[in-house]
Every structure is written in structure tokens, then in C-alpha cells.
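**Q** Got a structure for you, model.csv, holding CSV, C-alpha atoms.
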chain,number,residue,atom,x,y,z
A,258,MET,CA,-6.4,8.7,10.8
A,259,ILE,CA,-3.4,6.5,10.7
A,260,ARG,CA,-4.2,3.2,12.5
A,261,PRO,CA,-1.4,1.2,14.2
A,262,VAL,CA,-0.3,-1.9,12.4
A,263,ARG,CA,-2.1,-4.4,14.7
A,264,GLU,CA,-5.4,-2.7,13.7
A,265,ASP,CA,-4.6,-2.5,10.0
A,266,ALA,CA,-2.0,-4.9,8.6
A,267,ARG,CA,-3.2,-4.8,5.0
A,268,GLY,CA,-0.4,-5.8,2.6
A,269,ILE,CA,1.7,-7.5,5.3
A,270,ILE,CA,1.5,-11.2,4.9
A,271,ASP,CA,1.6,-13.2,8.1
A,272,ALA,CA,1.8,-9.9,10.0
A,273,GLU,CA,1.7,-11.5,13.5
A,274,ALA,CA,4.9,-13.5,12.8
A,275,GLY,CA,6.6,-10.4,11.3
A,276,LEU,CA,5.7,-8.2,14.2
A,277,ARG,CA,7.5,-10.5,16.5
A,278,ARG,CA,10.7,-9.7,14.6
A,279,PHE,CA,10.5,-6.0,13.7
A,280,ARG,CA,8.8,-2.9,14.9
A,281,LEU,CA,6.7,-0.8,12.5
A,282,ASP,CA,5.9,2.8,13.5
A,283,ARG,CA,3.5,5.0,11.4
A,284,PHE,CA,3.3,8.7,11.3
A,285,PRO,CA,0.6,11.0,9.6
A,286,PRO,CA,1.6,13.6,7.1
A,287,SER,CA,1.1,17.3,7.8
A,288,SER,CA,-1.8,19.0,6.1
A,289,PRO,CA,0.1,20.2,2.9
A,290,ALA,CA,1.7,16.9,2.3
A,291,ALA,CA,-1.5,15.0,3.0
A,292,ARG,CA,-2.9,15.9,-0.4
A,293,PHE,CA,-0.5,13.3,-1.8
A,294,VAL,CA,1.0,11.3,1.1
A,295,ASP,CA,-0.9,8.6,3.1
A,296,ARG,CA,1.7,8.0,5.8
A,297,TYR,CA,5.3,7.7,6.8
A,298,TRP,CA,6.4,4.4,8.2
A,299,VAL,CA,9.6,3.3,9.9
A,300,SER,CA,10.6,-0.3,10.3
A,301,THR,CA,13.3,-1.2,12.9
A,302,TRP,CA,14.8,-4.6,13.6
A,303,ASP,CA,17.6,-6.3,15.4
A,304,LEU,CA,17.8,-9.9,14.5
A,305,ALA,CA,20.1,-12.8,15.3
A,306,ALA,CA,19.1,-14.6,12.1
A,307,PRO,CA,17.7,-13.3,8.7
A,308,TYR,CA,14.0,-13.0,8.3
A,309,VAL,CA,12.0,-12.8,5.1
A,310,GLN,CA,8.8,-10.7,5.2
A,311,ARG,CA,6.4,-11.2,2.4
A,312,VAL,CA,4.5,-8.1,1.3
A,313,PHE,CA,1.6,-7.5,-1.1
A,314,SER,CA,1.9,-3.7,-1.2
A,315,HIS,CA,-0.9,-1.3,-1.7
A,316,PRO,CA,-1.3,-0.1,-5.3
A,317,VAL,CA,0.8,3.0,-4.6
A,318,VAL,CA,4.3,4.4,-4.7
A,319,ASN,CA,6.5,3.8,-1.6
A,320,VAL,CA,9.7,5.9,-1.4
A,321,VAL,CA,12.1,3.9,0.8
A,322,PHE,CA,15.3,5.3,2.5
A,323,GLU,CA,17.7,2.5,3.3
A,324,PRO,CA,19.7,4.8,3.5
A,325,GLY,CA,19.5,6.3,-0.1
A,326,GLY,CA,16.0,7.2,-1.5
A,327,THR,CA,14.4,4.7,-3.9
A,328,VAL,CA,11.1,5.1,-5.6
A,329,HIS,CA,9.2,1.7,-5.7
A,330,GLY,CA,6.4,1.8,-8.2
A,331,PRO,CA,3.0,0.1,-7.7
A,332,THR,CA,3.4,-3.7,-7.7
A,333,THR,CA,1.4,-6.5,-9.2
A,334,ARG,CA,2.8,-9.3,-7.1
A,335,VAL,CA,4.0,-10.3,-3.7
A,336,SER,CA,7.6,-9.3,-2.9
A,337,ASN,CA,10.1,-10.6,-0.3
A,338,GLN,CA,11.8,-8.2,2.0
A,339,VAL,CA,14.9,-9.6,3.7
A,340,LEU,CA,15.7,-8.3,7.1
A,341,GLU,CA,19.0,-9.2,8.7
A,342,GLY,CA,21.3,-7.8,11.5
A,343,ALA,CA,20.2,-4.5,12.9
A,344,GLY,CA,18.7,-1.7,10.9
A,345,ARG,CA,15.9,0.8,10.2
A,346,VAL,CA,14.3,2.2,7.1
A,347,LEU,CA,11.9,5.1,6.5
A,348,GLY,CA,9.2,4.7,3.9
A,349,VAL,CA,6.9,7.3,2.4
A,350,MET,CA,3.7,5.7,1.4
A,351,PHE,CA,1.9,7.9,-1.1
A,352,ARG,CA,-1.8,8.0,-1.6
A,353,PRO,CA,-3.1,6.1,-4.6
A,354,ALA,CA,-2.3,8.3,-7.6
A,355,GLY,CA,-0.5,10.6,-5.2
A,356,PHE,CA,2.9,10.3,-6.9
A,357,ARG,CA,1.6,11.1,-10.3
A,358,PRO,CA,2.1,14.9,-10.1
A,359,PHE,CA,5.7,14.5,-9.0
A,360,LEU,CA,6.6,11.8,-11.6
A,361,GLY,CA,5.2,13.9,-14.4
A,362,ALA,CA,4.4,10.8,-16.5
A,363,ALA,CA,2.0,7.9,-16.6
A,364,MET,CA,2.3,5.7,-13.5
A,365,SER,CA,2.1,2.6,-15.7
A,366,GLY,CA,5.7,3.3,-16.6
A,367,ILE,CA,7.0,2.4,-13.1
A,368,VAL,CA,4.8,-0.5,-12.3
A,369,ASP,CA,6.9,-3.3,-10.7
A,370,GLY,CA,9.9,-1.0,-11.2
A,371,THR,CA,12.2,1.3,-9.2
A,372,LEU,CA,14.1,4.5,-9.8
A,373,ASP,CA,16.4,6.7,-7.8
A,374,LEU,CA,14.6,9.5,-5.9
A,375,SER,CA,17.1,12.0,-7.4
A,376,ALA,CA,15.6,11.4,-10.8
A,377,VAL,CA,12.4,13.0,-9.5
A,378,PHE,CA,13.5,15.5,-6.9
A,379,ASP,CA,16.4,17.9,-6.6
A,380,GLY,CA,17.9,17.7,-3.1
A,381,ALA,CA,17.1,14.0,-2.6
A,382,ALA,CA,20.6,13.1,-1.6
A,383,ASP,CA,20.6,15.7,1.1
A,384,LEU,CA,17.3,14.5,2.4
A,385,ALA,CA,18.6,10.9,2.6
A,386,ASP,CA,21.6,12.1,4.7
A,387,GLU,CA,19.3,14.0,7.0
A,388,ILE,CA,17.0,11.0,7.5
A,389,ALA,CA,20.0,8.7,8.1
A,390,ALA,CA,21.3,11.1,10.8
A,391,ALA,CA,17.9,11.5,12.5
A,392,ALA,CA,17.7,10.7,16.2
A,393,ASP,CA,14.5,8.6,16.1
A,394,PRO,CA,11.7,7.4,13.8
A,395,ALA,CA,9.6,10.6,14.4
A,396,ALA,CA,12.5,12.8,13.4
A,397,MET,CA,13.0,10.7,10.2
A,398,ALA,CA,9.3,11.2,9.3
A,399,ALA,CA,9.4,14.9,10.1
A,400,ALA,CA,12.4,15.4,7.7
A,401,ALA,CA,10.6,13.7,4.8
A,402,ASP,CA,7.5,15.7,5.5
A,403,ARG,CA,9.3,19.0,5.5
A,404,PHE,CA,10.9,18.1,2.2
A,405,LEU,CA,7.6,17.2,0.5
A,406,CYS,CA,5.7,20.2,1.9
A,407,GLU,CA,8.2,22.4,0.1
A,408,ARG,CA,7.4,20.7,-3.2
A,409,VAL,CA,3.7,20.0,-3.3
A,410,PRO,CA,1.9,21.6,-6.3
A,411,PRO,CA,0.1,24.8,-5.3
A,412,HIS,CA,-2.8,24.0,-7.7
A,413,PRO,CA,-5.3,21.1,-7.8
A,414,CYS,CA,-4.0,18.2,-9.9
A,415,PRO,CA,-6.0,16.0,-12.2
A,416,SER,CA,-5.0,12.9,-10.3
A,417,GLU,CA,-6.4,14.0,-7.0
A,418,PRO,CA,-10.0,12.9,-7.7
A,419,THR,CA,-8.6,9.5,-8.6
A,420,SER,CA,-6.9,9.3,-5.2
A,421,ALA,CA,-10.2,9.9,-3.5
A,422,LEU,CA,-11.9,7.2,-5.7
A,423,VAL,CA,-9.3,4.5,-4.9
A,424,GLU,CA,-9.6,5.3,-1.2
A,425,ARG,CA,-13.4,4.8,-1.4
A,426,ILE,CA,-12.7,1.4,-3.0
A,427,ALA,CA,-10.4,0.6,-0.1
A,428,ALA,CA,-12.9,1.7,2.5
A,429,ASP,CA,-16.0,0.0,1.1
A,430,PRO,CA,-15.9,-3.8,0.4
A,431,ALA,CA,-19.2,-3.5,-1.5
A,432,MET,CA,-17.5,-1.7,-4.3
A,433,VAL,CA,-16.8,-4.6,-6.6
A,434,ARG,CA,-17.8,-3.7,-10.1
A,435,VAL,CA,-15.8,-1.5,-12.5
A,436,GLU,CA,-19.0,-0.6,-14.3
A,437,ASP,CA,-20.5,0.9,-11.1
A,438,LEU,CA,-17.3,2.9,-10.5
A,439,ALA,CA,-17.4,4.4,-13.9
A,440,ALA,CA,-21.1,5.2,-13.7
A,441,GLY,CA,-20.5,6.9,-10.3
A,442,GLU,CA,-17.8,9.1,-11.9
A,443,GLY,CA,-20.1,9.9,-14.9
A,444,ILE,CA,-17.7,8.4,-17.4
A,445,GLY,CA,-17.4,5.2,-19.5
A,446,VAL,CA,-15.5,2.1,-18.4
A,447,ARG,CA,-12.7,2.6,-21.0
A,448,GLN,CA,-12.2,6.2,-19.9
A,449,LEU,CA,-12.0,5.0,-16.3
A,450,GLN,CA,-9.4,2.4,-17.3
A,451,ARG,CA,-7.3,5.0,-19.1
A,452,ARG,CA,-7.5,7.3,-16.1
A,453,PHE,CA,-6.3,4.5,-13.8
A,454,THR,CA,-3.5,3.5,-16.2
A,455,ASP,CA,-2.3,7.1,-16.1
A,456,HIS,CA,-2.8,8.1,-12.4
A,457,VAL,CA,-2.5,4.7,-10.6
A,458,GLY,CA,-0.6,2.5,-12.9
A,459,ILE,CA,-2.9,-0.6,-12.7
A,460,SER,CA,-6.4,-1.1,-13.8
A,461,PRO,CA,-9.5,-0.4,-11.7
A,462,LYS,CA,-10.3,-4.2,-11.7
A,463,ALA,CA,-6.9,-5.0,-10.3
A,464,VAL,CA,-7.3,-2.3,-7.6
A,465,ILE,CA,-10.7,-3.7,-6.6
A,466,ARG,CA,-9.3,-7.2,-6.4
A,467,ARG,CA,-6.3,-6.1,-4.4
A,468,TYR,CA,-8.5,-4.5,-1.7
A,469,ARG,CA,-10.9,-7.3,-1.6
A,470,LEU,CA,-8.0,-9.7,-1.0
A,471,TYR,CA,-6.8,-7.4,1.8
A,472,GLU,CA,-10.3,-7.5,3.3
A,473,ALA,CA,-10.3,-11.3,3.3
A,474,ALA,CA,-6.8,-11.5,4.8
A,475,GLU,CA,-7.6,-9.0,7.5
A,476,ARG,CA,-10.8,-11.0,8.4
A,477,ALA,CA,-8.7,-14.1,8.6
A,478,ARG,CA,-6.0,-12.5,10.6
A,479,LYS,CA,-8.4,-11.2,13.2
A,480,GLY,CA,-10.3,-14.4,13.8
A,481,ALA,CA,-10.3,-18.0,12.6
A,482,ASP,CA,-14.1,-18.3,12.6
A,483,VAL,CA,-14.8,-16.6,9.3
A,484,PRO,CA,-18.0,-17.4,7.2
A,485,TRP,CA,-16.1,-17.8,4.0
A,486,ALA,CA,-19.0,-18.5,1.7
A,487,ALA,CA,-20.8,-15.4,2.9
A,488,LEU,CA,-17.6,-13.3,2.7
A,489,ALA,CA,-17.0,-14.5,-0.8
A,490,VAL,CA,-20.4,-13.1,-1.9
A,491,GLU,CA,-19.9,-9.9,0.0
A,492,LEU,CA,-16.5,-9.3,-1.7
A,493,GLY,CA,-17.9,-10.0,-5.2
A,494,TYR,CA,-16.5,-13.5,-5.8
A,495,SER,CA,-18.6,-16.0,-7.7
A,496,ASP,CA,-18.4,-18.4,-4.8
A,497,GLN,CA,-16.2,-19.6,-2.0
A,498,SER,CA,-14.0,-21.7,-4.3
A,499,HIS,CA,-13.3,-18.6,-6.4
A,500,LEU,CA,-12.2,-16.7,-3.3
A,501,THR,CA,-10.1,-19.6,-2.1
A,502,ARG,CA,-8.3,-20.0,-5.4
A,503,GLU,CA,-7.4,-16.4,-5.7
A,504,PHE,CA,-6.4,-16.0,-2.1
A,505,THR,CA,-4.2,-19.1,-2.3
A,506,ALA,CA,-2.6,-18.1,-5.6
A,507,VAL,CA,-1.6,-14.7,-4.2
A,508,ILE,CA,-1.0,-15.2,-0.5
A,509,GLY,CA,0.4,-18.7,-0.8
A,510,THR,CA,-1.9,-20.6,1.6
A,511,PRO,CA,-5.7,-21.2,1.7
A,512,PRO,CA,-7.7,-18.6,3.7
A,513,ASP,CA,-8.8,-21.1,6.4
A,514,ARG,CA,-5.2,-22.1,7.1
A,515,TYR,CA,-4.1,-18.5,7.0
A,516,ALA,CA,-6.8,-17.7,9.6
A,517,ARG,CA,-5.5,-20.5,11.9
A,518,THR,CA,-2.0,-19.2,11.6
A,519,GLY,CA,-2.8,-15.5,12.1
A,520,SER,CA,-4.9,-16.1,15.2
A,521,ALA,CA,-2.4,-18.4,16.9
Represent the structure contained in this file as C-alpha cells.

**A**
Amino acid sequence: MIRPVREDARGIIDAEAGLRRFRLDRFPPSSPAARFVDRYWVSTWDLAAPYVQRVFSHPVVNVVFEPGGTVHGPTTRVSNQVLEGAGRVLGVMFRPAGFRPFLGAAMSGIVDGTLDLSAVFDGAADLADEIAAAADPAAMAAAADRFLCERVPPHPCPSEPTSALVERIAADPAMVRVEDLAAGEGIGVRQLQRRFTDHVGISPKAVIRRYRLYEAAERARKGADVPWAALAVELGYSDQSHLTREFTAVIGTPPDRYARTGSA
């Protein structure tokens, strides 16, 4: 189920401030595309002054049409998205490892990088024109969904179990040890690391840390009264100071201050 952004703002830093300046609509993929696509999203804005939205994206590929199609590989750092004037963009957020069958190469090759969608799909330029001409956000998402449904592999892909594994990490804050993940998959740690490098692009440890930071940020966003010491233990940090250091280094502000800002 695709949750609205006010229920799930993972990856959007200072989401409450951003949502006062832009609208973010989310749409689920149809069944064929859902093997590889998590959601379609459309951001719409009309601003008197430029606004910079900071994003710490999920460890996935986003294909963004603004208006041409650009593949944005998994990222390792926070990025700044500048919004100005009036506009709208469609994004296709793939599932973790979901772009691997289309790329046809290890995902590590596009980490923190971009490439034109036409390098991956024939017909990408026509799709971009159709999306640009769409009447509303739902029609934009539907155009992308039709395009991808025509191109999904008919057979199971080796990366699909990895997609499911990463989504279990995202859903369960108690998953904090790479060794436990490897044991659960019946493989060694090094084999799991090679699998993540190929299918996801970043290491299992980096994926775990990403989703644990998301969990901390979401707890902060939804209420200032967070038991930080207990949360640090729950998320696998050595102590509250460890959580505070990592949160501050990535998000740019200590978690207690982020909580006060997000709940204002």
C-alpha cells in the first residue's frame, strides 16, 4: 500500500516545511510493473521565491521526467533539489534492486550518477512527450505504468529476492546486523555483500544504516518527545551519542532539534 507523504516522509528532510511549498502525489503501480516499481510520484509547485528541498533518497533508482527522462542511480549522500517558478515533475521510484533487470549491468556502476533514459529503453523520448502532455498527475503516472508494463521481463529475475530482502530491512527496525541477514538468506556475509553491490549498488550495511536513520527521522518528525537513548538501542547504535553523531552528520541538525522543528 502506498502511504501519503504525511504518513511516510522517509527521505524528505524537513518534510513539513517542504510540504508547505509543494504538493507530492503518489500512485501505485499496476500488478505487472509492481514486480519492479515501488510507486510513481508527482511533485507540483508554484513559488514566488526559489526553495531548496533536501533529500536523502531511498537506496533505489528514481527515473525523473522534467520533462525528459533521467535515470538517477542510488545515492550515498543528501542532495539539494531546487524548486522555482511553477512546475511539475513525474518520478518513477523503483523497488530496491528493481532497476537491475533493465540496466543489464551491476547497479554499483550508477551509484551517485545519472544517465539518459534513452540509454536504457527504446521509446523513452516518446514517453517523455506523453508525460509532458498529460492532463493531470494521475495521467502522468498511468503513461509511465503502461510503458513499463510492456517491458517487464516475463521470467523471474535474480534480483527479485534481493528486492524483497531490502524491503524487509525497511519494514523491520530490528534488522540491524549484516551477519543475521546473511544467515537468514543461507549465505555468507561476503556473498551477501557481492549480491548487494550487483543488485542494489550499495552495501547491506549502508542499506541498514539508511533505513535506521529514516526511522529516527520519522520518529522525530511525528513527535518531539522521543526517548532517544532507548531508540538508539532499538536501532542498533552503540549508544545515544552514536545515533546523535550519525544523524547530525547526515541530516545536518541534531535529532532533538529536528524533532522540535518537525513538530512545530

**Q** Can you measure atom CA of Val318 of chain A to atom CA of Ser375 of chain A for me? One decimal in Å is fine.

**A**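 Going from atom CA of Val318 of chain A over to atom CA of Ser375 of chain A, I get 15.1 Å.
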
**Q** As a VMD selection string, please: the residues near segment 294-306 of chain A (cut-off 10 Å, only C-alpha atoms, same-chain neighbours under 3 positions excluded).

**A** chain A and resid 258 to 259 276 to 291 317 to 322 340 to 356 393 to 395 397 to 399 401 to 402 405

**Q** Using the selection just defined, write its residues with C-alpha atoms as a compact mmCIF listing (two decimals), in the frame of the given file.

**A**
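So the final result, stored in result_31.txt, reads:
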# COMPACT_ATOMS: atom_id res chain seq x y z
CA MET A 258 -6.40 8.70 10.80
CA ILE A 259 -3.40 6.50 10.70
CA LEU A 276 5.70 -8.20 14.20
CA ARG A 277 7.50 -10.50 16.50
CA ARG A 278 10.70 -9.70 14.60
CA PHE A 279 10.50 -6.00 13.70
CA ARG A 280 8.80 -2.90 14.90
CA LEU A 281 6.70 -0.80 12.50
CA ASP A 282 5.90 2.80 13.50
CA ARG A 283 3.50 5.00 11.40
CA PHE A 284 3.30 8.70 11.30
CA PRO A 285 0.60 11.00 9.60
CA PRO A 286 1.60 13.60 7.10
CA SER A 287 1.10 17.30 7.80
CA SER A 288 -1.80 19.00 6.10
CA PRO A 289 0.10 20.20 2.90
CA ALA A 290 1.70 16.90 2.30
CA ALA A 291 -1.50 15.00 3.00
CA VAL A 317 0.80 3.00 -4.60
CA VAL A 318 4.30 4.40 -4.70
CA ASN A 319 6.50 3.80 -1.60
CA VAL A 320 9.70 5.90 -1.40
CA VAL A 321 12.10 3.90 0.80
CA PHE A 322 15.30 5.30 2.50
CA LEU A 340 15.70 -8.30 7.10
CA GLU A 341 19.00 -9.20 8.70
CA GLY A 342 21.30 -7.80 11.50
CA ALA A 343 20.20 -4.50 12.90
CA GLY A 344 18.70 -1.70 10.90
CA ARG A 345 15.90 0.80 10.20
CA VAL A 346 14.30 2.20 7.10
CA LEU A 347 11.90 5.10 6.50
CA GLY A 348 9.20 4.70 3.90
CA VAL A 349 6.90 7.30 2.40
CA MET A 350 3.70 5.70 1.40
CA PHE A 351 1.90 7.90 -1.10
CA ARG A 352 -1.80 8.00 -1.60
CA PRO A 353 -3.10 6.10 -4.60
CA ALA A 354 -2.30 8.30 -7.60
CA GLY A 355 -0.50 10.60 -5.20
CA PHE A 356 2.90 10.30 -6.90
CA ASP A 393 14.50 8.60 16.10
CA PRO A 394 11.70 7.40 13.80
CA ALA A 395 9.60 10.60 14.40
CA MET A 397 13.00 10.70 10.20
CA ALA A 398 9.30 11.20 9.30
CA ALA A 399 9.40 14.90 10.10
CA ALA A 401 10.60 13.70 4.80
CA ASP A 402 7.50 15.70 5.50
CA LEU A 405 7.60 17.20 0.50

**Q** Just checking: using only C-alpha atoms, which residue out of A:Pro316, A:Gly325, A:Gly380, A:Pro413 ends up closest to Ile367 of chain A?

**A**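 Checking each of A:Pro316, A:Gly325, A:Gly380, A:Pro413 against Ile367 of chain A, counting only C-alpha atoms, the winner is A:Pro316.
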
**Q** Measuring atom to atom with all atoms listed in the file, identify which of A:Val423, A:Gly509, A:Pro410, A:Phe404 is nearest to Asp383 of chain A.

**A** A:Phe404

**Q** Near Ala489 of chain A, counting all atoms listed in the file, which residues have an atom at most 9 Å away, once you skip same-chain residues fewer than 4 positions from it, shown as a JSON list (two decimals) with C-alpha atoms, in the coordinates of the input?

**A**
[["chain", "number", "residue", "atom", "x", "y", "z"],
["A", 473, "ALA", "CA", -10.30, -11.30, 3.30],
["A", 484, "PRO", "CA", -18.00, -17.40, 7.20],
["A", 485, "TRP", "CA", -16.10, -17.80, 4.00],
["A", 493, "GLY", "CA", -17.90, -10.00, -5.20],
["A", 494, "TYR", "CA", -16.50, -13.50, -5.80],
["A", 495, "SER", "CA", -18.60, -16.00, -7.70],
["A", 496, "ASP", "CA", -18.40, -18.40, -4.80],
["A", 497, "GLN", "CA", -16.20, -19.60, -2.00],
["A", 498, "SER", "CA", -14.00, -21.70, -4.30],
["A", 499, "HIS", "CA", -13.30, -18.60, -6.40],
["A", 500, "LEU", "CA", -12.20, -16.70, -3.30],
["A", 501, "THR", "CA", -10.10, -19.60, -2.10]]

**Q** Figure out the distance between atom CA of Thr332 of chain A and atom CA of Val377 of chain A, please, to one decimal in Å.

**A**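 If I compute the distance from atom CA of Val377 of chain A to atom CA of Thr332 of chain A, I get 19.1 Å.
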
**Q** Suppose you want the space between atom CA of Ile270 of chain A and atom CA of Gly480 of chain A; what is it in Å?

**A** 15.1 Å

**Q** For Ser460 of chain A, which of A:Ala362, A:Val507, A:Ala392, A:Val446 is the closest residue, counting only C-alpha atoms?

**A**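 Comparing A:Ala362, A:Val507, A:Ala392, A:Val446 against Ser460 of chain A, the winner is A:Val446.
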
**Q** Closest to Met432 of chain A among A:Phe453, A:Phe313, A:Tyr468, A:Phe293, using only C-alpha atoms?

**A**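 The shortest atom-to-atom distance to Met432 of chain A comes from A:Tyr468.
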
**Q** Name all residues at most 8 Å from Pro512 of chain A (count all atoms listed in the file; drop same-chain ones fewer than 3 positions away) and give them as a list in words.

**A**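 The contact residues come out as Ala473, Ala474, Ala477, Thr501, Phe504, Thr505, Tyr515 and Ala516 of chain A.
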
**Q** Please identify all polymer residues lying at most 9 Å from the point (-7.8, -5.0, 10.7) (file coordinates), using all atoms listed in the file, and present the result as number ranges by chain.

**A** A: 262-267, 472, 474-476, 478-479

**Q** So, with only C-alpha atoms as the atoms that count, which of A:Val312, A:Glu323, A:Asn337, A:Ala427 lies closest to Asp386 of chain A?

**A**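 Once distances to Asp386 of chain A are computed over only C-alpha atoms, the minimum belongs to A:Glu323.
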
**Q** Give me the residues near Ser336 of chain A as a PyMOL selection string, where near means some atom within 12 Å (using all atoms listed in the file) and where sequence neighbours in that chain fewer than 2 positions away do not count.

**A** chain A and resi 268-270+309-315+329+331-334+338-339+369-370+507-508

**Q** Would you save the residues from that selection as a compact mmCIF listing (two decimals), in the coordinates of the input, using C-alpha atoms?

**A**
# COMPACT_ATOMS: atom_id res chain seq x y z
CA GLY A 268 -0.40 -5.80 2.60
CA ILE A 269 1.70 -7.50 5.30
CA ILE A 270 1.50 -11.20 4.90
CA VAL A 309 12.00 -12.80 5.10
CA GLN A 310 8.80 -10.70 5.20
CA ARG A 311 6.40 -11.20 2.40
CA VAL A 312 4.50 -8.10 1.30
CA PHE A 313 1.60 -7.50 -1.10
CA SER A 314 1.90 -3.70 -1.20
CA HIS A 315 -0.90 -1.30 -1.70
CA HIS A 329 9.20 1.70 -5.70
CA PRO A 331 3.00 0.10 -7.70
CA THR A 332 3.40 -3.70 -7.70
CA THR A 333 1.40 -6.50 -9.20
CA ARG A 334 2.80 -9.30 -7.10
CA GLN A 338 11.80 -8.20 2.00
CA VAL A 339 14.90 -9.60 3.70
CA ASP A 369 6.90 -3.30 -10.70
CA GLY A 370 9.90 -1.00 -11.20
CA VAL A 507 -1.60 -14.70 -4.20
CA ILE A 508 -1.00 -15.20 -0.50
